[in-house]
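Trainee: Right, I'll just put the structure down here and ask away after.
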Amino acid sequence: MALGSILKIFLPKDKVFYNLFEQVAKNLVQMSDMFGSAINERDLSKRDVILKRLEEMEHKNDEVTHEIFIQLGQNFITPLDREDIHALATSLDDIADYLWGASKRIVNYEVEDTYGALVSFAEIISKSVKAIAVAINSLRDMKNLEAITRSCVTVNSLENDGDDLLDNTMLKLFASQKSAVEIIKHKDIVQMLETVTDKCEDVANVIESIIIKYA
């Protein structure tokens, strides 16, 4: 093996990993925007068409996440601890998985946004994902630690808003005249959307641990 080829094995793959994480963040922003557009669509048939397109976005996210794991296995030296790269990739992928899962349930259950909870969750998720994207895009050089920290704090605050929204929605559901089946449908969806905000907070926690190590 030529010396140049040997050296490549040991060179940090900063651009590779950061580029892939930034791709994932961009994809998540697109997913959250698409989800918000769907939820705000009054025509339920049009809404469902948009929501079904999220499956393609989720698969795209899986492909990039898989590439991160491939790079992790092929490169001896990495720009961040291997555990941190794995944790960040996994937690980001969880956001896409649960957002698609919620979208699929909305379509399958044929529910309407009776209490405006879906719109509110869409807004919280969109803000959370966009804050994550800011943090991810700042990891490459870590020069703007304030922006990273502020983004993580924002995500944590939005997760609390998600908790409150879930509680209030559940109270309304159980006080309503809806059938048990309809209550179960709505409960399942809002709980999954709240889980999306939890997964966003998981990402923020991983990022915070990374900047503590490397800042």
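Chains: A, B, ... in order of the structure tokens. Residues: from 1 per chain. Ligands: from 1, in order shown.
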Would you list the contacts of stretch 43-53 of chain A as a PDB file with N, CA and C atoms, in the first residue's frame, taking every protein, DNA or RNA residue within 6 Å and counting only C-alpha atoms, but skipping same-chain residues closer than 3 positions in sequence?
Mentor:
```
ATOM      1  N   ALA A  38     -48.512  20.047   5.958  1.00  0.00           N
ATOM      2  CA  ALA A  38     -49.590  19.059   5.895  1.00  0.00           C
ATOM      3  C   ALA A  38     -50.642  19.327   6.966  1.00  0.00           C
ATOM      4  N   GLU A  56     -40.562   8.980   2.280  1.00  0.00           N
ATOM      5  CA  GLU A  56     -39.379   9.108   1.422  1.00  0.00           C
ATOM      6  C   GLU A  56     -38.275   9.881   2.125  1.00  0.00           C
ATOM      7  N   SER A 103     -46.879  10.766  11.531  1.00  0.00           N
ATOM      8  CA  SER A 103     -47.530  11.122  10.265  1.00  0.00           C
ATOM      9  C   SER A 103     -48.339   9.942   9.731  1.00  0.00           C
ATOM     10  N   VAL A 107     -52.556   9.640   9.095  1.00  0.00           N
ATOM     11  CA  VAL A 107     -53.173   9.181   7.846  1.00  0.00           C
ATOM     12  C   VAL A 107     -54.052   7.951   8.103  1.00  0.00           C
TER      13      VAL A 107
END
```
Trainee: For stretch 4-65 of chain A versus stretch 118-125 of chain A, which residues have an atom no more than 8 Å away, and what is each residue's nearest atom pair and distance in Å rounded to one decimal, using only C-alpha atoms, chain-then-number order, as a Markdown table?
Mentor:
```
| residue | atom | partner | partner_atom | distance |
| --- | --- | --- | --- | --- |
| A:Ser32 | CA | A:Ile125 | CA | 6.6 |
| A:Phe35 | CA | A:Ala122 | CA | 6.7 |
| A:Gly36 | CA | A:Ala122 | CA | 5.1 |
| A:Ile39 | CA | A:Val119 | CA | 6.0 |
| A:Asn40 | CA | A:Val119 | CA | 6.6 |
```
Trainee: Go through stretch 159-198 of chain A residue by residue and, counting only C-alpha atoms, keep those with an atom at most 9 Å from stretch 77-100 of chain A; for each kept residue give the shortest atom pair and its distance in Å to one decimal, ordered by chain and increasing number, as CSV.
Mentor:
```
residue,atom,partner,partner_atom,distance
A:Met192,CA,A:Tyr98,CA,6.7
A:Leu193,CA,A:Leu99,CA,6.8
A:Thr195,CA,A:Tyr98,CA,7.2
A:Val196,CA,A:Ile95,CA,5.6
A:Thr197,CA,A:Ile95,CA,8.1
A:Asp198,CA,A:Ile95,CA,8.7
```
Trainee: Next, dump the selected residues to file, keeping only N, CA and C atoms, as a CSV table (one decimal), in the first residue's frame.
Mentor:
```
chain,number,residue,atom,x,y,z
A,192,MET,N,-47.0,10.3,20.5
A,192,MET,CA,-45.9,10.1,19.6
A,192,MET,C,-45.3,11.5,19.2
A,193,LEU,N,-46.1,12.5,19.0
A,193,LEU,CA,-45.6,13.8,18.7
A,193,LEU,C,-44.8,14.4,19.8
A,195,THR,N,-43.2,12.5,21.9
A,195,THR,CA,-41.9,11.8,21.9
A,195,THR,C,-40.9,12.4,20.9
A,196,VAL,N,-41.4,13.0,19.8
A,196,VAL,CA,-40.5,13.7,18.9
A,196,VAL,C,-39.8,14.8,19.6
A,197,THR,N,-40.5,15.5,20.4
A,197,THR,CA,-39.9,16.6,21.2
A,197,THR,C,-38.9,16.1,22.2
A,198,ASP,N,-39.2,14.9,22.7
A,198,ASP,CA,-38.2,14.2,23.6
A,198,ASP,C,-36.9,13.9,22.9
```
Trainee: In Å, how far is it from atom CA of A:Gly116 to atom CA of A:Ala175?
Mentor: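 It comes out at 15.7 Å.
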Trainee: Select, from A:Leu171, A:Leu166, A:Gln177, A:Glu159, the residue with the minimum atom-to-atom distance to A:Val203, counting only C-alpha atoms.
Mentor: A:Glu159
Trainee: Nearest to A:Asp188: which of A:Gln74, A:Asn205, A:Asn61, A:Thr169 is it, counting only C-alpha atoms?
Mentor: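 Result for the nearest residue to A:Asp188: A:Thr169.
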Trainee: Just the alpha helix (DSSP H) stuff from stretch 29-179 of chain A, please, per backbone DSSP, written as a VMD selection string.
Mentor: chain A and resid 29 to 39 44 to 52 54 to 74 82 to 109 117 to 138 145 to 175
Trainee: Store the residues picked out above in a file with C-alpha atoms, as a short mmCIF file (atom, residue, chain, number, x, y, z; two decimals), in the first residue's frame.
Mentor:
```cif
data_model
loop_
_atom_site.label_atom_id
_atom_site.label_comp_id
_atom_site.auth_asym_id
_atom_site.auth_seq_id
_atom_site.Cartn_x
_atom_site.Cartn_y
_atom_site.Cartn_z
CA VAL A 29 -35.81 20.69 8.73
CA GLN A 30 -37.43 19.75 5.43
CA MET A 31 -39.40 17.00 7.16
CA SER A 32 -40.65 19.33 9.88
CA ASP A 33 -41.61 21.97 7.30
CA MET A 34 -43.46 19.35 5.26
CA PHE A 35 -45.23 18.08 8.37
CA GLY A 36 -46.28 21.61 9.30
CA SER A 37 -47.55 22.26 5.78
CA ALA A 38 -49.59 19.06 5.90
CA ILE A 39 -51.12 19.75 9.29
CA LEU A 44 -57.65 16.10 4.45
CA SER A 45 -56.98 14.26 1.20
CA LYS A 46 -54.28 16.80 0.29
CA ARG A 47 -52.98 16.63 3.85
CA ASP A 48 -52.56 12.88 3.63
CA VAL A 49 -50.72 13.10 0.31
CA ILE A 50 -48.16 15.44 1.89
CA LEU A 51 -47.81 13.31 5.00
CA LYS A 52 -47.16 10.18 2.94
CA LEU A 54 -42.51 11.99 4.66
CA GLU A 55 -41.77 8.30 4.26
CA GLU A 56 -39.38 9.11 1.42
CA MET A 57 -37.68 11.73 3.59
CA GLU A 58 -37.37 9.23 6.44
CA HIS A 59 -35.74 6.70 4.12
CA LYS A 60 -33.34 9.39 2.91
CA ASN A 61 -32.42 10.10 6.51
CA ASP A 62 -31.80 6.39 7.11
CA GLU A 63 -29.39 6.30 4.18
CA VAL A 64 -27.32 9.21 5.47
CA THR A 65 -27.31 7.76 8.99
CA HIS A 66 -26.13 4.44 7.58
CA GLU A 67 -23.32 6.25 5.77
CA ILE A 68 -22.25 7.82 9.08
CA PHE A 69 -21.97 4.35 10.61
CA ILE A 70 -20.02 3.10 7.59
CA GLN A 71 -17.57 5.98 7.90
CA LEU A 72 -17.31 5.33 11.62
CA GLY A 73 -16.30 1.75 10.93
CA GLN A 74 -13.80 2.63 8.22
CA ARG A 82 -16.75 7.53 18.32
CA GLU A 83 -19.38 7.19 21.05
CA ASP A 84 -20.48 10.79 20.52
CA ILE A 85 -20.75 10.35 16.76
CA HIS A 86 -22.83 7.21 17.23
CA ALA A 87 -25.06 8.83 19.86
CA LEU A 88 -25.62 11.95 17.76
CA ALA A 89 -26.41 9.97 14.60
CA THR A 90 -28.80 7.67 16.46
CA SER A 91 -30.65 10.44 18.26
CA LEU A 92 -31.04 12.47 15.06
CA ASP A 93 -32.39 9.40 13.27
CA ASP A 94 -34.91 8.88 16.07
CA ILE A 95 -36.46 12.28 15.30
CA ALA A 96 -37.12 11.26 11.70
CA ASP A 97 -38.44 7.84 12.73
CA TYR A 98 -40.96 9.17 15.23
CA LEU A 99 -42.07 12.07 13.05
CA TRP A 100 -42.81 9.64 10.23
CA GLY A 101 -44.50 7.30 12.70
CA ALA A 102 -46.82 10.09 13.85
CA SER A 103 -47.53 11.12 10.27
CA LYS A 104 -48.44 7.55 9.34
CA ARG A 105 -50.86 7.32 12.25
CA ILE A 106 -52.54 10.60 11.32
CA VAL A 107 -53.17 9.18 7.85
CA ASN A 108 -54.23 5.72 9.00
CA TYR A 109 -56.49 6.93 11.81
CA ALA A 117 -52.90 20.14 19.15
CA LEU A 118 -51.40 18.88 15.89
CA VAL A 119 -50.77 22.42 14.65
CA SER A 120 -49.20 23.36 17.97
CA PHE A 121 -46.97 20.26 17.98
CA ALA A 122 -45.96 20.98 14.38
CA GLU A 123 -44.81 24.45 15.45
CA ILE A 124 -42.88 23.14 18.46
CA ILE A 125 -41.20 20.43 16.39
CA SER A 126 -40.30 22.86 13.62
CA LYS A 127 -38.70 25.29 16.06
CA SER A 128 -36.86 22.45 17.81
CA VAL A 129 -35.47 20.97 14.60
CA LYS A 130 -34.36 24.35 13.31
CA ALA A 131 -32.57 25.07 16.59
CA ILE A 132 -30.85 21.69 16.27
CA ALA A 133 -29.78 22.56 12.72
CA VAL A 134 -28.14 25.75 14.00
CA ALA A 135 -26.24 23.76 16.61
CA ILE A 136 -25.19 21.05 14.15
CA ASN A 137 -23.96 23.61 11.63
CA SER A 138 -21.89 25.26 14.36
CA LEU A 145 -20.36 28.20 21.39
CA GLU A 146 -22.96 30.74 22.46
CA ALA A 147 -25.12 29.89 19.44
CA ILE A 148 -24.79 26.16 20.14
CA THR A 149 -25.66 26.56 23.81
CA ARG A 150 -28.56 28.89 23.04
CA SER A 151 -29.95 26.40 20.54
CA CYS A 152 -29.76 23.56 23.06
CA VAL A 153 -31.50 25.66 25.71
CA THR A 154 -34.22 26.50 23.18
CA VAL A 155 -34.78 22.81 22.43
CA ASN A 156 -35.00 21.98 26.14
CA SER A 157 -37.55 24.75 26.65
CA LEU A 158 -39.61 23.58 23.68
CA GLU A 159 -39.62 20.04 25.06
CA ASN A 160 -41.25 21.43 28.20
CA ASP A 161 -43.84 23.14 25.99
CA GLY A 162 -44.47 19.75 24.38
CA ASP A 163 -45.06 18.19 27.79
CA ASP A 164 -47.58 20.90 28.70
CA LEU A 165 -49.33 20.59 25.35
CA LEU A 166 -49.67 16.84 25.78
CA ASP A 167 -51.12 17.23 29.28
CA ASN A 168 -53.64 19.88 28.18
CA THR A 169 -54.68 17.87 25.14
CA MET A 170 -55.21 14.75 27.22
CA LEU A 171 -57.40 16.68 29.65
CA LYS A 172 -59.54 17.92 26.78
CA LEU A 173 -59.75 14.46 25.24
CA PHE A 174 -60.95 12.75 28.40
CA ALA A 175 -63.43 15.55 29.10
#
```
Trainee: Hey, can you check how far atom CA of A:Lys187 sits from atom CA of A:Asp202?
Mentor: 22.4 Å
